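Have a look at target.txt; it's compact mmCIF, N, CA and C atoms:
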```txt
# COMPACT_ATOMS: atom_id res chain seq x y z
N MET J 1 28.21 -2.44 11.12
CA MET J 1 29.20 -3.13 10.34
C MET J 1 30.46 -3.40 11.15
N ALA J 2 30.58 -2.74 12.28
CA ALA J 2 31.77 -2.92 13.10
C ALA J 2 31.86 -4.35 13.63
N ASN J 3 30.72 -5.01 13.80
CA ASN J 3 30.71 -6.37 14.33
C ASN J 3 30.71 -7.43 13.24
N ASP J 4 30.85 -7.02 11.99
CA ASP J 4 30.82 -7.94 10.87
C ASP J 4 32.10 -8.77 10.85
N PRO J 5 32.00 -10.12 11.02
CA PRO J 5 33.21 -10.94 11.07
C PRO J 5 33.98 -10.93 9.76
N ILE J 6 33.30 -10.85 8.64
CA ILE J 6 33.99 -10.83 7.35
C ILE J 6 34.79 -9.55 7.20
N LEU J 7 34.20 -8.45 7.62
CA LEU J 7 34.90 -7.17 7.54
C LEU J 7 36.15 -7.20 8.41
N ARG J 8 36.04 -7.80 9.60
CA ARG J 8 37.20 -7.88 10.48
C ARG J 8 38.30 -8.73 9.85
N ILE J 9 37.92 -9.82 9.20
CA ILE J 9 38.93 -10.68 8.55
C ILE J 9 39.60 -9.92 7.43
N ASP J 10 38.81 -9.23 6.60
CA ASP J 10 39.38 -8.47 5.50
C ASP J 10 40.31 -7.38 6.00
N GLN J 11 39.90 -6.68 7.04
CA GLN J 11 40.72 -5.59 7.55
C GLN J 11 42.00 -6.12 8.18
N SER J 12 41.90 -7.23 8.91
CA SER J 12 43.11 -7.75 9.55
C SER J 12 44.07 -8.30 8.51
N ALA J 13 43.56 -8.89 7.43
CA ALA J 13 44.44 -9.42 6.40
C ALA J 13 45.13 -8.30 5.65
N SER J 14 44.41 -7.22 5.37
CA SER J 14 45.03 -6.12 4.64
C SER J 14 45.91 -5.28 5.54
N ALA J 15 45.70 -5.36 6.85
CA ALA J 15 46.51 -4.57 7.79
C ALA J 15 47.88 -5.18 7.97
N GLN J 16 48.03 -6.47 7.67
CA GLN J 16 49.33 -7.11 7.83
C GLN J 16 50.28 -6.56 6.78
N SER J 17 51.51 -6.33 7.19
CA SER J 17 52.48 -5.78 6.25
C SER J 17 52.90 -6.88 5.28
N GLY J 18 52.99 -6.50 4.02
CA GLY J 18 53.43 -7.44 3.01
C GLY J 18 52.38 -8.47 2.64
N ALA J 19 51.10 -8.22 2.97
CA ALA J 19 50.05 -9.18 2.63
C ALA J 19 49.81 -9.14 1.13
N ALA J 20 49.78 -10.32 0.50
CA ALA J 20 49.54 -10.41 -0.94
C ALA J 20 48.06 -10.23 -1.22
N ASP J 21 47.75 -9.68 -2.40
CA ASP J 21 46.35 -9.55 -2.81
C ASP J 21 45.80 -10.93 -3.12
N VAL J 22 44.75 -11.30 -2.42
CA VAL J 22 44.15 -12.61 -2.57
C VAL J 22 42.73 -12.43 -3.09
N ASP J 23 42.36 -13.24 -4.08
CA ASP J 23 41.00 -13.19 -4.61
C ASP J 23 40.08 -13.93 -3.65
N PRO J 24 39.15 -13.20 -2.98
CA PRO J 24 38.31 -13.85 -1.97
C PRO J 24 37.15 -14.64 -2.56
N SER J 25 36.92 -14.55 -3.88
CA SER J 25 35.76 -15.24 -4.45
C SER J 25 36.02 -16.74 -4.57
N LEU J 26 34.93 -17.48 -4.51
CA LEU J 26 35.00 -18.93 -4.64
C LEU J 26 35.06 -19.32 -6.11
N PRO J 27 35.66 -20.45 -6.41
CA PRO J 27 35.66 -20.93 -7.80
C PRO J 27 34.22 -21.19 -8.27
N GLU J 28 34.01 -21.06 -9.57
CA GLU J 28 32.65 -21.19 -10.12
C GLU J 28 32.00 -22.53 -9.81
N PRO J 29 32.67 -23.67 -9.91
CA PRO J 29 32.00 -24.94 -9.57
C PRO J 29 31.52 -24.98 -8.12
N VAL J 30 32.30 -24.38 -7.22
CA VAL J 30 31.89 -24.35 -5.81
C VAL J 30 30.66 -23.47 -5.65
N ARG J 31 30.65 -22.30 -6.32
CA ARG J 31 29.47 -21.41 -6.24
C ARG J 31 28.23 -22.10 -6.80
N ASP J 32 28.38 -22.80 -7.93
CA ASP J 32 27.24 -23.51 -8.51
C ASP J 32 26.70 -24.56 -7.55
N HIS J 33 27.61 -25.33 -6.96
CA HIS J 33 27.19 -26.38 -6.03
C HIS J 33 26.47 -25.77 -4.82
N LEU J 34 27.05 -24.72 -4.25
CA LEU J 34 26.41 -24.07 -3.10
C LEU J 34 25.06 -23.46 -3.48
N GLY J 35 24.99 -22.90 -4.68
CA GLY J 35 23.72 -22.34 -5.15
C GLY J 35 22.65 -23.41 -5.25
N GLN J 36 23.01 -24.58 -5.77
CA GLN J 36 22.05 -25.69 -5.86
C GLN J 36 21.60 -26.12 -4.47
N GLN J 37 22.53 -26.21 -3.57
CA GLN J 37 22.20 -26.62 -2.21
C GLN J 37 21.25 -25.60 -1.55
N LEU J 38 21.53 -24.33 -1.73
CA LEU J 38 20.67 -23.30 -1.13
C LEU J 38 19.28 -23.32 -1.75
N ARG J 39 19.21 -23.49 -3.08
CA ARG J 39 17.89 -23.53 -3.73
C ARG J 39 17.08 -24.73 -3.25
N SER J 40 17.73 -25.85 -3.00
CA SER J 40 16.99 -27.02 -2.54
C SER J 40 16.49 -26.83 -1.11
N VAL J 41 17.22 -26.08 -0.30
CA VAL J 41 16.82 -25.86 1.09
C VAL J 41 15.77 -24.76 1.19
N PHE J 42 15.96 -23.68 0.43
CA PHE J 42 15.08 -22.51 0.53
C PHE J 42 14.07 -22.47 -0.61
N THR J 43 13.34 -23.52 -0.80
CA THR J 43 12.29 -23.49 -1.82
C THR J 43 11.12 -22.68 -1.30
N THR J 44 10.46 -21.97 -2.19
CA THR J 44 9.32 -21.15 -1.78
C THR J 44 8.04 -21.82 -2.24
N GLN J 45 6.99 -21.58 -1.52
CA GLN J 45 5.69 -22.13 -1.85
C GLN J 45 4.78 -21.07 -2.44
N ASP J 46 5.36 -19.99 -3.00
CA ASP J 46 4.56 -18.92 -3.59
C ASP J 46 3.82 -19.44 -4.82
N ASP J 47 2.73 -18.76 -5.15
CA ASP J 47 1.99 -19.09 -6.36
C ASP J 47 2.87 -18.79 -7.57
N ALA J 48 2.70 -19.58 -8.58
CA ALA J 48 3.45 -19.34 -9.80
C ALA J 48 2.88 -18.09 -10.49
N PRO J 49 3.73 -17.32 -11.14
CA PRO J 49 3.23 -16.14 -11.84
C PRO J 49 2.35 -16.56 -13.01
N LYS J 50 1.43 -15.67 -13.40
CA LYS J 50 0.54 -15.98 -14.51
C LYS J 50 1.30 -16.08 -15.82
N PHE J 51 2.32 -15.22 -15.98
CA PHE J 51 3.10 -15.21 -17.21
C PHE J 51 4.57 -15.36 -16.85
N LEU J 52 5.32 -15.97 -17.71
CA LEU J 52 6.74 -16.17 -17.48
C LEU J 52 7.43 -14.84 -17.27
N GLY J 53 8.17 -14.71 -16.20
CA GLY J 53 8.87 -13.48 -15.92
C GLY J 53 8.09 -12.48 -15.10
N GLU J 54 6.81 -12.75 -14.88
CA GLU J 54 5.97 -11.84 -14.10
C GLU J 54 5.95 -12.29 -12.65
N PRO J 55 6.27 -11.41 -11.73
CA PRO J 55 6.25 -11.82 -10.33
C PRO J 55 4.82 -12.05 -9.83
N ALA J 56 4.67 -12.92 -8.87
CA ALA J 56 3.36 -13.15 -8.27
C ALA J 56 2.97 -11.89 -7.49
N VAL J 57 1.72 -11.48 -7.63
CA VAL J 57 1.24 -10.25 -7.01
C VAL J 57 0.43 -10.60 -5.77
N PRO J 58 0.65 -9.89 -4.67
CA PRO J 58 -0.15 -10.15 -3.47
C PRO J 58 -1.63 -9.90 -3.72
N GLU J 59 -2.47 -10.67 -3.06
CA GLU J 59 -3.91 -10.57 -3.26
C GLU J 59 -4.47 -9.19 -2.92
N GLU J 60 -3.79 -8.43 -2.05
CA GLU J 60 -4.29 -7.11 -1.68
C GLU J 60 -4.36 -6.18 -2.88
N PHE J 61 -3.54 -6.44 -3.90
CA PHE J 61 -3.50 -5.57 -5.07
C PHE J 61 -4.45 -6.03 -6.18
N ALA J 62 -5.08 -7.16 -6.03
CA ALA J 62 -5.92 -7.71 -7.10
C ALA J 62 -7.03 -6.76 -7.53
N PRO J 63 -7.82 -6.13 -6.63
CA PRO J 63 -8.88 -5.23 -7.10
C PRO J 63 -8.33 -4.04 -7.88
N GLN J 64 -7.24 -3.45 -7.41
CA GLN J 64 -6.66 -2.31 -8.11
C GLN J 64 -6.13 -2.72 -9.48
N LEU J 65 -5.54 -3.91 -9.56
CA LEU J 65 -5.03 -4.38 -10.84
C LEU J 65 -6.15 -4.65 -11.83
N ARG J 66 -7.27 -5.23 -11.32
CA ARG J 66 -8.42 -5.46 -12.22
C ARG J 66 -8.96 -4.15 -12.76
N ARG J 67 -9.07 -3.14 -11.88
CA ARG J 67 -9.56 -1.83 -12.35
C ARG J 67 -8.60 -1.22 -13.36
N LEU J 68 -7.31 -1.34 -13.11
CA LEU J 68 -6.32 -0.79 -14.04
C LEU J 68 -6.37 -1.51 -15.38
N GLU J 69 -6.47 -2.84 -15.34
CA GLU J 69 -6.56 -3.61 -16.59
C GLU J 69 -7.81 -3.23 -17.38
N THR J 70 -8.94 -3.06 -16.67
CA THR J 70 -10.18 -2.67 -17.33
C THR J 70 -10.04 -1.30 -17.96
N ARG J 71 -9.44 -0.38 -17.22
CA ARG J 71 -9.27 0.98 -17.74
C ARG J 71 -8.36 1.00 -18.97
N LEU J 72 -7.25 0.25 -18.91
CA LEU J 72 -6.35 0.20 -20.05
C LEU J 72 -7.01 -0.43 -21.28
N LYS J 73 -7.76 -1.51 -21.04
CA LYS J 73 -8.45 -2.17 -22.16
C LYS J 73 -9.49 -1.25 -22.76
N THR J 74 -10.25 -0.55 -21.92
CA THR J 74 -11.26 0.39 -22.40
C THR J 74 -10.60 1.51 -23.20
N HIS J 75 -9.48 2.01 -22.70
CA HIS J 75 -8.76 3.08 -23.39
C HIS J 75 -8.30 2.62 -24.77
N GLU J 76 -7.71 1.41 -24.84
CA GLU J 76 -7.24 0.88 -26.12
C GLU J 76 -8.38 0.71 -27.10
N GLU J 77 -9.47 0.08 -26.63
CA GLU J 77 -10.61 -0.15 -27.52
C GLU J 77 -11.26 1.16 -27.94
N GLY J 78 -11.36 2.10 -27.01
CA GLY J 78 -11.96 3.39 -27.33
C GLY J 78 -11.12 4.17 -28.32
N THR J 79 -9.80 4.13 -28.13
CA THR J 79 -8.91 4.83 -29.07
C THR J 79 -9.02 4.22 -30.46
N GLY J 80 -9.08 2.90 -30.52
CA GLY J 80 -9.23 2.22 -31.82
C GLY J 80 -10.54 2.58 -32.49
N ALA J 81 -11.62 2.64 -31.72
CA ALA J 81 -12.92 2.98 -32.28
C ALA J 81 -12.94 4.42 -32.80
N VAL J 82 -12.34 5.34 -32.06
CA VAL J 82 -12.29 6.74 -32.51
C VAL J 82 -11.45 6.86 -33.77
N GLU J 83 -10.32 6.14 -33.83
CA GLU J 83 -9.50 6.18 -35.03
C GLU J 83 -10.27 5.67 -36.25
N GLN J 84 -11.01 4.59 -36.08
CA GLN J 84 -11.80 4.05 -37.19
C GLN J 84 -12.87 5.04 -37.63
N ALA J 85 -13.52 5.67 -36.66
CA ALA J 85 -14.57 6.64 -37.00
C ALA J 85 -13.97 7.84 -37.73
N LEU J 86 -12.84 8.33 -37.28
CA LEU J 86 -12.20 9.47 -37.95
C LEU J 86 -11.72 9.10 -39.33
N ASP J 87 -11.18 7.89 -39.49
CA ASP J 87 -10.76 7.43 -40.81
C ASP J 87 -11.96 7.37 -41.75
N GLY J 88 -13.10 6.89 -41.24
CA GLY J 88 -14.30 6.84 -42.05
C GLY J 88 -14.76 8.23 -42.46
N LEU J 89 -14.70 9.18 -41.54
CA LEU J 89 -15.09 10.56 -41.87
C LEU J 89 -14.15 11.17 -42.90
N LEU J 90 -12.87 10.95 -42.74
CA LEU J 90 -11.90 11.48 -43.69
C LEU J 90 -12.08 10.86 -45.07
N ASP J 91 -12.37 9.57 -45.10
CA ASP J 91 -12.62 8.90 -46.39
C ASP J 91 -13.84 9.50 -47.06
N ASP J 92 -14.89 9.79 -46.27
CA ASP J 92 -16.10 10.39 -46.83
C ASP J 92 -15.82 11.79 -47.37
N LEU J 93 -14.96 12.54 -46.70
CA LEU J 93 -14.63 13.90 -47.15
C LEU J 93 -13.76 13.86 -48.40
N LYS J 94 -12.91 12.86 -48.55
CA LYS J 94 -12.03 12.75 -49.71
C LYS J 94 -12.77 12.23 -50.93
N ALA J 95 -13.84 11.53 -50.75
CA ALA J 95 -14.57 10.94 -51.87
C ALA J 95 -15.21 12.06 -52.69
N PRO J 96 -15.18 11.93 -54.03
CA PRO J 96 -15.82 12.94 -54.86
C PRO J 96 -17.32 12.95 -54.64
N PRO J 97 -17.93 14.10 -54.72
CA PRO J 97 -19.38 14.16 -54.50
C PRO J 97 -20.10 13.36 -55.57
N ALA J 98 -21.14 12.70 -55.16
CA ALA J 98 -21.94 11.88 -56.08
C ALA J 98 -22.83 12.81 -56.89
N THR J 99 -22.84 12.59 -58.19
CA THR J 99 -23.70 13.41 -59.05
C THR J 99 -24.98 12.64 -59.36
N THR J 100 -26.05 13.32 -59.31
CA THR J 100 -27.34 12.69 -59.61
C THR J 100 -27.78 13.16 -60.97
N ILE J 101 -28.31 12.26 -61.75
CA ILE J 101 -28.78 12.60 -63.08
C ILE J 101 -30.26 12.46 -63.14
```
Kindly return the structure encoded in the file as structure tokens.
Amino acid sequence: MANDPILRIDQSASAQSGAADVDPSLPEPVRDHLGQQLRSVFTTQDDAPKFLGEPAVPEEFAPQLRRLETRLKTHEEGTGAVEQALDGLLDDLKAPPATTI
């Protein structure tokens, strides 16, 4: 950081006696314009994410992600099936015994 030109400018400005506090940030319209310019120059050619807000995943992780997705889906479906079976058993236990005549 010793060779950082911005740091040197900041330090030299604050080292001057009687230096007024100056806001170093750029006005918002200037930041917006520069941001647009940077986005137009530094466009990426990455694959679009499958879902909005989801980052693109490198292909090296695809097999692990497929296994994880399969495991999670199996767990969800298995848990649902066990819950249904237990509910059915509890309903059978709560039902009054059938009388035969």
Take atom N of Pro63 in chain J and atom N of Gly80 in chain J and report the distance between them in Å, one decimal.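 Straight-line distance from atom N of Pro63 in chain J to atom N of Gly80 in chain J works out to 25.6 Å.
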How many Å separate CA of Gly88 in chain J from CA of Thr74 in chain J? 20.9 Å
Separation of CA of Gly78 in chain J and CA of Asp92 in chain J, in Å? 21.1 Å
